[in-house]
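K.L.:
Input run.tsv, format and content: TSV, C-alpha atoms and all ligand atoms.
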```tsv
chain	number	residue	atom	x	y	z
S	1	MET	CA	32.17	6.63	12.66
S	2	SER	CA	29.12	6.55	10.46
S	3	LEU	CA	25.89	4.75	11.31
S	4	ALA	CA	26.82	1.94	8.91
S	5	GLU	CA	30.26	1.57	10.51
S	6	ARG	CA	28.86	1.45	14.03
S	7	TYR	CA	26.22	-1.06	12.96
S	8	ARG	CA	28.79	-3.30	11.28
S	9	SER	CA	31.15	-3.09	14.23
S	10	VAL	CA	28.38	-4.19	16.64
S	11	LEU	CA	27.47	-7.08	14.28
S	12	THR	CA	31.12	-8.19	14.29
S	13	ASN	CA	31.28	-8.02	18.09
S	14	ILE	CA	28.06	-10.04	18.33
S	15	GLU	CA	29.53	-12.72	16.11
S	16	HIS	CA	32.74	-12.93	18.20
S	17	SER	CA	30.87	-13.10	21.51
S	18	ALA	CA	28.44	-15.68	20.13
S	19	ILE	CA	31.34	-17.89	19.11
S	20	ALA	CA	32.94	-17.38	22.54
S	21	SER	CA	29.74	-18.79	24.06
S	22	GLY	CA	29.59	-21.77	21.69
S	23	ARG	CA	26.91	-20.27	19.48
S	24	THR	CA	26.65	-18.42	16.19
S	25	LYS	CA	25.45	-14.92	15.38
S	26	GLU	CA	22.12	-16.36	14.19
S	27	ASP	CA	21.43	-17.39	17.79
S	28	ILE	CA	21.47	-13.77	18.96
S	29	HIS	CA	18.47	-11.55	18.31
S	30	LEU	CA	19.64	-7.95	17.99
S	31	ILE	CA	17.08	-5.27	18.80
S	32	VAL	CA	18.27	-1.80	17.86
S	33	VAL	CA	16.83	0.68	20.36
S	34	SER	CA	15.81	3.68	18.28
S	35	LYS	CA	14.32	5.85	21.05
S	36	ASN	CA	14.95	9.58	20.65
S	37	HIS	CA	15.99	9.03	17.05
S	38	PRO	CA	13.84	9.80	14.01
S	39	ALA	CA	12.06	7.32	11.75
S	40	SER	CA	14.64	8.13	9.06
S	41	LEU	CA	17.37	6.45	11.13
S	42	VAL	CA	15.24	3.33	11.44
S	43	ALA	CA	14.68	3.37	7.67
S	44	GLU	CA	18.44	3.61	7.07
S	45	LEU	CA	19.13	0.62	9.28
S	46	ILE	CA	16.42	-1.38	7.53
S	47	THR	CA	18.21	-0.86	4.24
S	48	MET	CA	21.30	-2.39	5.95
S	49	GLY	CA	19.27	-5.47	6.84
S	50	GLN	CA	18.10	-4.72	10.39
S	51	ILE	CA	14.57	-5.94	11.19
S	52	SER	CA	13.95	-5.54	14.95
S	53	PHE	CA	13.77	-2.19	16.72
S	54	GLY	CA	13.07	-1.23	20.32
S	55	GLU	CA	11.29	1.76	21.81
S	56	ASN	CA	10.49	2.73	25.38
S	57	ARG	CA	7.73	5.33	25.10
S	58	ASP	CA	4.43	4.68	23.37
S	59	GLN	CA	3.86	8.23	22.22
S	60	GLU	CA	7.11	8.28	20.27
S	61	ALA	CA	6.94	4.65	19.16
S	62	SER	CA	3.38	4.72	17.83
S	63	GLN	CA	4.15	7.78	15.75
S	64	LYS	CA	7.32	6.25	14.30
S	65	ALA	CA	5.57	2.94	13.65
S	66	SER	CA	2.72	4.51	11.72
S	67	GLU	CA	5.08	6.74	9.74
S	68	LEU	CA	7.21	3.77	8.70
S	69	THR	CA	4.23	1.52	7.99
S	70	ALA	CA	2.77	4.22	5.75
S	71	ALA	CA	6.11	4.33	3.92
S	72	GLY	CA	5.83	0.58	3.28
S	73	TYR	CA	8.37	-0.75	5.80
S	74	GLN	CA	7.76	-3.95	7.73
S	75	ILE	CA	9.32	-3.76	11.16
S	76	ASP	CA	9.45	-6.03	14.17
S	77	TRP	CA	8.83	-3.61	17.08
S	78	HIS	CA	9.86	-4.46	20.64
S	79	PHE	CA	8.57	-2.42	23.56
S	80	VAL	CA	11.35	-2.22	26.17
S	81	GLY	CA	10.23	0.55	28.55
S	82	GLN	CA	7.95	0.74	31.54
S	83	LEU	CA	4.46	0.16	30.22
S	84	GLN	CA	1.54	2.06	31.73
S	85	THR	CA	-1.76	0.19	31.55
S	86	ASN	CA	-3.43	3.05	29.68
S	87	LYS	CA	-0.88	2.62	26.85
S	88	VAL	CA	-1.37	-1.13	26.40
S	89	LYS	CA	-4.06	-0.81	23.76
S	90	SER	CA	-1.87	1.44	21.61
S	91	VAL	CA	1.33	-0.61	22.07
S	92	LEU	CA	-0.47	-3.79	20.94
S	93	GLY	CA	-1.22	-1.97	17.69
S	94	TYR	CA	2.41	-2.25	16.57
S	95	ALA	CA	4.59	-4.31	18.96
S	96	SER	CA	5.39	-8.01	18.52
S	97	THR	CA	7.14	-8.31	21.87
S	98	ILE	CA	6.98	-6.62	25.26
S	99	HIS	CA	10.15	-6.85	27.37
S	100	SER	CA	8.77	-5.16	30.45
S	101	ILE	CA	6.01	-7.26	31.99
S	102	ASP	CA	6.48	-6.42	35.66
S	103	ARG	CA	3.19	-6.43	37.57
S	104	PRO	CA	-0.19	-8.16	37.82
S	105	SER	CA	-2.26	-5.14	36.68
S	106	LEU	CA	-0.26	-5.04	33.43
S	107	VAL	CA	-0.79	-8.76	32.78
S	108	GLN	CA	-4.51	-8.29	33.34
S	109	GLU	CA	-4.74	-5.36	30.95
S	110	LEU	CA	-2.67	-7.19	28.32
S	111	GLY	CA	-5.04	-10.16	28.54
S	112	LYS	CA	-8.07	-7.92	28.18
S	113	GLN	CA	-6.77	-5.92	25.21
S	114	LEU	CA	-5.34	-8.97	23.42
S	115	GLU	CA	-8.77	-10.56	23.62
S	116	LYS	CA	-10.40	-7.41	22.22
S	117	GLN	CA	-7.88	-7.11	19.40
S	118	ASP	CA	-7.92	-10.89	18.86
S	119	LYS	CA	-4.14	-11.27	18.80
S	120	SER	CA	-1.18	-12.71	20.70
S	121	ILE	CA	2.10	-11.21	21.82
S	122	ASN	CA	5.54	-12.34	22.95
S	123	GLY	CA	6.54	-11.26	26.43
S	124	PHE	CA	9.48	-11.14	28.82
S	125	ILE	CA	9.14	-10.72	32.57
S	126	GLU	CA	11.34	-7.82	33.62
S	127	LEU	CA	13.48	-8.47	36.68
S	128	ASN	CA	14.47	-5.87	39.22
S	129	LEU	CA	18.12	-6.65	40.00
S	130	THR	CA	18.47	-3.81	42.49
S	131	ASP	CA	17.39	-3.58	46.11
S	132	ASP	CA	15.35	-0.53	45.20
S	133	LEU	CA	11.70	-1.64	45.22
S	134	GLY	CA	10.72	1.51	43.33
S	135	ARG	CA	12.59	0.41	40.21
S	136	GLY	CA	10.86	-1.26	37.27
S	137	GLY	CA	10.85	-5.03	37.27
S	138	VAL	CA	9.67	-7.77	39.56
S	139	ASP	CA	11.54	-8.77	42.71
S	140	GLU	CA	12.82	-12.29	43.11
S	141	ASP	CA	10.21	-13.25	45.68
S	142	GLN	CA	7.34	-12.18	43.38
S	143	LEU	CA	8.67	-13.79	40.21
S	144	ILE	CA	6.81	-17.08	40.41
S	145	ASP	CA	3.46	-15.49	41.27
S	146	LEU	CA	3.76	-13.13	38.33
S	147	ALA	CA	4.88	-15.94	36.02
S	148	GLU	CA	1.79	-17.95	36.93
S	149	LEU	CA	-0.46	-15.03	36.04
S	150	VAL	CA	1.32	-14.64	32.68
S	151	LEU	CA	1.08	-18.37	31.96
S	152	ALA	CA	-2.67	-18.22	32.60
S	153	GLU	CA	-3.03	-15.66	29.77
S	154	LYS	CA	-3.01	-17.86	26.70
S	155	ARG	CA	-2.47	-14.91	24.40
S	156	ILE	CA	0.87	-14.04	25.99
S	157	ASN	CA	3.72	-16.22	24.78
S	158	LEU	CA	6.19	-16.04	27.66
S	159	LEU	CA	9.72	-16.08	26.24
S	160	GLY	CA	11.81	-15.58	29.38
S	161	VAL	CA	13.29	-12.83	31.52
S	162	MET	CA	14.62	-9.36	30.77
S	163	ALA	CA	16.95	-7.31	32.95
S	164	VAL	CA	18.96	-4.10	32.92
S	165	ALA	CA	22.31	-4.17	34.71
S	166	GLY	CA	22.66	-1.35	37.24
S	167	LEU	CA	24.88	1.60	36.44
S	168	GLN	CA	28.32	1.33	37.99
S	169	LYS	CA	27.69	-2.34	38.77
S	170	ASP	CA	29.71	-5.28	37.53
S	171	PRO	CA	27.51	-6.56	34.68
S	172	ARG	CA	28.72	-10.14	35.26
S	173	ALA	CA	27.42	-10.17	38.82
S	174	GLU	CA	24.19	-8.56	37.66
S	175	PHE	CA	23.66	-11.09	34.87
S	176	GLU	CA	24.53	-13.99	37.20
S	177	ARG	CA	21.61	-12.89	39.31
S	178	ALA	CA	19.36	-12.73	36.24
S	179	LEU	CA	20.47	-16.24	35.23
S	180	ARG	CA	19.55	-17.58	38.65
S	181	MET	CA	16.12	-15.97	38.40
S	182	SER	CA	15.74	-17.40	34.89
S	183	GLU	CA	16.33	-20.90	36.31
S	184	LYS	CA	13.65	-20.21	38.89
S	185	LEU	CA	11.23	-19.12	36.15
S	186	LYS	CA	11.96	-22.26	34.14
S	187	SER	CA	10.88	-24.39	37.10
S	188	VAL	CA	7.29	-23.27	36.41
S	189	ALA	CA	7.64	-22.29	32.72
S	190	PRO	CA	10.08	-24.74	31.08
S	191	ALA	CA	9.62	-23.16	27.63
S	192	ALA	CA	10.53	-19.66	28.85
S	193	THR	CA	14.25	-20.07	28.20
S	194	LYS	CA	15.08	-16.75	26.53
S	195	LEU	CA	17.25	-14.05	28.10
S	196	SER	CA	16.88	-10.37	27.13
S	197	LEU	CA	20.10	-9.03	28.64
S	198	GLY	CA	22.67	-6.54	27.48
S	199	MET	CA	22.78	-2.97	26.17
S	200	SER	CA	25.50	-0.85	24.53
S	201	GLU	CA	27.86	-1.04	27.51
S	202	ASP	CA	27.53	-4.73	28.27
S	203	TYR	CA	26.04	-6.67	25.35
S	204	GLN	CA	29.23	-8.66	24.74
S	205	VAL	CA	29.37	-9.84	28.36
S	206	ALA	CA	25.64	-10.61	28.15
S	207	ILE	CA	26.09	-12.78	25.05
S	208	GLU	CA	29.04	-14.60	26.58
S	209	MET	CA	26.76	-15.39	29.54
S	210	GLY	CA	23.94	-16.72	27.37
S	211	ALA	CA	21.79	-13.73	26.32
S	212	THR	CA	19.49	-14.59	23.40
S	213	HIS	CA	18.13	-11.05	22.92
S	214	ILE	CA	20.20	-7.89	23.24
S	215	ARG	CA	18.86	-4.33	23.21
S	216	VAL	CA	21.49	-2.02	21.76
S	217	GLY	CA	20.93	1.71	21.34
S	218	SER	CA	23.72	4.28	21.35
S	219	ALA	CA	26.54	1.94	20.28
S	220	ILE	CA	24.74	1.78	16.93
S	221	THR	CA	22.65	4.95	16.73
S	222	GLY	CA	25.23	7.28	18.25
S	223	PRO	CA	24.50	9.46	21.25
S	224	ARG	CA	20.82	10.16	21.74
S	225	PRO	CA	19.67	13.73	21.13
S	226	ILE	CA	18.46	15.22	24.41
S	227	SER	CA	15.05	13.73	25.11
S	228	ALA	CA	12.04	15.93	25.47
N	1	LIG	C1	17.53	2.73	26.17
N	1	LIG	C2	17.43	1.31	26.49
N	1	LIG	C3	18.32	0.38	25.92
N	1	LIG	C4	19.48	0.77	25.03
N	1	LIG	O1	20.40	1.53	25.74
N	1	LIG	P1	21.86	1.87	25.17
N	1	LIG	O2	22.68	2.06	26.39
N	1	LIG	O3	21.70	3.11	24.37
N	1	LIG	O4	22.29	0.71	24.37
N	1	LIG	C5	18.15	-0.96	26.24
N	1	LIG	N1	17.17	-1.37	27.07
N	1	LIG	C6	16.30	-0.51	27.64
N	1	LIG	C7	15.24	-1.03	28.55
N	1	LIG	C8	16.40	0.85	27.37
N	1	LIG	O5	15.54	1.70	27.94
```
Is it possible to give me this structure as structure tokens?
P.N.:
Amino acid sequence: MSLAERYRSVLTNIEHSAIASGRTKEDIHLIVVSKNHPASLVAELITMGQISFGENRDQEASQKASELTAAGYQIDWHFVGQLQTNKVKSVLGYASTIHSIDRPSLVQELGKQLEKQDKSINGFIELNLTDDLGRGGVDEDQLIDLAELVLAEKRINLLGVMAVAGLQKDPRAEFERALRMSEKLKSVAPAATKLSLGMSEDYQVAIEMGATHIRVGSAITGPRPISA
């Protein structure tokens, strides 16, 4: 299949799953994860109508963003990877949305750099659905404390929660857990209703369960070249 065929097939699947959940395709925000693929692939997808792209490493993303901006493209960049505090300043230079807010030190640095750059950003709190405390994302018992810190930063517009289903896990059970944590978040942040759930393997399940944002890479871009 060509890039255009894979892209169209994912769009069709999104539409079907949206309808299955009582919504329409316009209710689902597709972020194409372009990590490990060149700027030229992003440019091709833009010509097909795609607007939002996701990246997980600042070094790669900032380079791609400046290359595409110089070429005249307007892109809505989403940062979906673990974000080190020393990269915050750079990421705010191009990203509209950060999906991986997971700890107090990151919230603090975001607040500081947003003030300096005089801008605002959309953010998701990333959930850790595993029992492994070393994984990215906040644990259930720290969710409310972190949410309160985010809510205190007026320049962060908290959209909701983001989660990655574990490998070899039933995505339904994983997303159920994320939905429960989303309800918990809404008890302190009623406007933070969005759900960034679902990747190539499970985006249809995610949409059927209420995802508003999906982050799809390889199902559209094809297999990733081996990363450096
Ligand atoms: C890479 C990545 C994706 C996309 O993964 P695919 O399986 O290629 O769709 C989505 N979310 C995050 C956080 C990622 O790192």
K.L.:
If you count all atoms listed in the file, which residues fall within 9 Å of Ala4 (chain S), apart from same-chain ones fewer than 6 positions away, as a list in words?
P.N.:
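Returned residues: Glu44, Leu45, Met48 and Ile220 of chain S.
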K.L.:
Those same residues - C-alpha atoms - I'd like them written as a CSV table (one decimal), keeping the file's coordinate frame.
P.N.:
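Produced file selection_22.csv, reproduced below:
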```csv
chain,number,residue,atom,x,y,z
S,44,GLU,CA,18.4,3.6,7.1
S,45,LEU,CA,19.1,0.6,9.3
S,48,MET,CA,21.3,-2.4,6.0
S,220,ILE,CA,24.7,1.8,16.9
```
K.L.:
Calculate how many Å separate CA of Arg6 (chain S) from atom P1 of ligand LIG 1 (chain N), rounding to one decimal.
P.N.:
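Taking CA of Arg6 (chain S) as the start and atom P1 of ligand LIG 1 (chain N) as the end point, the length is 13.2 Å.
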K.L.:
What's the separation between CA of Gln113 (chain S) and CA of Ile144 (chain S), in Å to one decimal place?
P.N.:
23.2 Å
K.L.:
Quick one: residues within 12 Å of region 59-61 of chain S, all atoms listed in the file, excluding same-chain residues fewer than 4 positions away - as a VMD selection string?
P.N.:
chain S and resid 33 to 39 42 53 to 55 65 to 69 75 77 to 81 83 to 84 86 to 88 90 to 95 227 to 228
K.L.:
Give, as JSON, the centre coordinates and the x, y and z edge lengths in Å to one decimal for an axis-aligned box around all listed atoms of ligand LIG 1 (chain N), padded by 4 Å on each side.
P.N.:
```
{"center_x": 19.0, "center_y": 0.9, "center_z": 26.5, "size_x": 15.4, "size_y": 12.5, "size_z": 12.2}
```
K.L.:
Give one line per residue of chain S that approaches ligand LIG 1 (chain N) to at most 10 Å, naming the two atoms of the closest pair and their distance in Å to one decimal, counting all atoms listed in the file; sort by chain then ascending residue number and deliver it as a Markdown table.
P.N.:
```
| residue | atom | partner | partner_atom | distance |
| --- | --- | --- | --- | --- |
| S:Ile31 | CA | N:LIG1 | C5 | 8.7 |
| S:Val32 | CA | N:LIG1 | C4 | 7.7 |
| S:Val33 | CA | N:LIG1 | C4 | 5.4 |
| S:Ser34 | CA | N:LIG1 | C1 | 8.1 |
| S:Lys35 | CA | N:LIG1 | C1 | 6.8 |
| S:Asn36 | CA | N:LIG1 | C1 | 9.2 |
| S:Gly54 | CA | N:LIG1 | C5 | 7.8 |
| S:Glu55 | CA | N:LIG1 | O5 | 7.5 |
| S:Asn56 | CA | N:LIG1 | O5 | 5.8 |
| S:Arg57 | CA | N:LIG1 | O5 | 9.1 |
| S:Phe79 | CA | N:LIG1 | C7 | 8.4 |
| S:Val80 | CA | N:LIG1 | C7 | 4.7 |
| S:Gly81 | CA | N:LIG1 | C7 | 5.3 |
| S:Gln82 | CA | N:LIG1 | C7 | 8.1 |
| S:His99 | CA | N:LIG1 | C7 | 7.8 |
| S:Ser100 | CA | N:LIG1 | C7 | 7.9 |
| S:Glu126 | CA | N:LIG1 | C7 | 9.3 |
| S:Gly136 | CA | N:LIG1 | C7 | 9.8 |
| S:Met162 | CA | N:LIG1 | C7 | 8.6 |
| S:Ala163 | CA | N:LIG1 | C7 | 7.9 |
| S:Val164 | CA | N:LIG1 | C7 | 6.5 |
| S:Ala165 | CA | N:LIG1 | N1 | 9.6 |
| S:Ser196 | CA | N:LIG1 | N1 | 9.0 |
| S:Leu197 | CA | N:LIG1 | N1 | 8.4 |
| S:Gly198 | CA | N:LIG1 | C5 | 7.3 |
| S:Met199 | CA | N:LIG1 | O4 | 4.1 |
| S:Ser200 | CA | N:LIG1 | O4 | 3.6 |
| S:Glu201 | CA | N:LIG1 | O2 | 6.1 |
| S:Asp202 | CA | N:LIG1 | O4 | 8.5 |
| S:Tyr203 | CA | N:LIG1 | O4 | 8.3 |
| S:Ile214 | CA | N:LIG1 | C5 | 7.8 |
| S:Arg215 | CA | N:LIG1 | C5 | 4.6 |
| S:Val216 | CA | N:LIG1 | O4 | 3.9 |
| S:Gly217 | CA | N:LIG1 | O3 | 3.4 |
| S:Ser218 | CA | N:LIG1 | O3 | 3.8 |
| S:Ala219 | CA | N:LIG1 | O4 | 6.0 |
| S:Ile220 | CA | N:LIG1 | O4 | 7.9 |
| S:Thr221 | CA | N:LIG1 | O3 | 7.9 |
| S:Gly222 | CA | N:LIG1 | O3 | 8.2 |
| S:Pro223 | CA | N:LIG1 | O3 | 7.6 |
| S:Arg224 | CA | N:LIG1 | O3 | 7.6 |
```
K.L.:
For Glu208 (chain S), which of S:Leu167, S:Met1, S:Ala71, S:Leu195 is the closest residue, counting only C-alpha atoms?
P.N.:
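Of all the options, S:Leu195 lies closest to Glu208 (chain S).
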K.L.:
Could you work out how far CA of Gly160 (chain S) lies from CA of Gln74 (chain S), giving the answer in Å with one decimal?
P.N.:
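So the answer is 24.9 Å.
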K.L.:
At a cut-off of 9 Å, using all atoms listed in the file, what residues contact Ile101 (chain S)? Leave out same-chain residues fewer than 4 positions from it and give the result as a list in words.
P.N.:
Gln82, Leu83, Leu106, Val107, Gly123, Phe124, Ile125, Glu126, Leu127, Gly137, Val138, Leu146, Val150 and Met162 of chain S
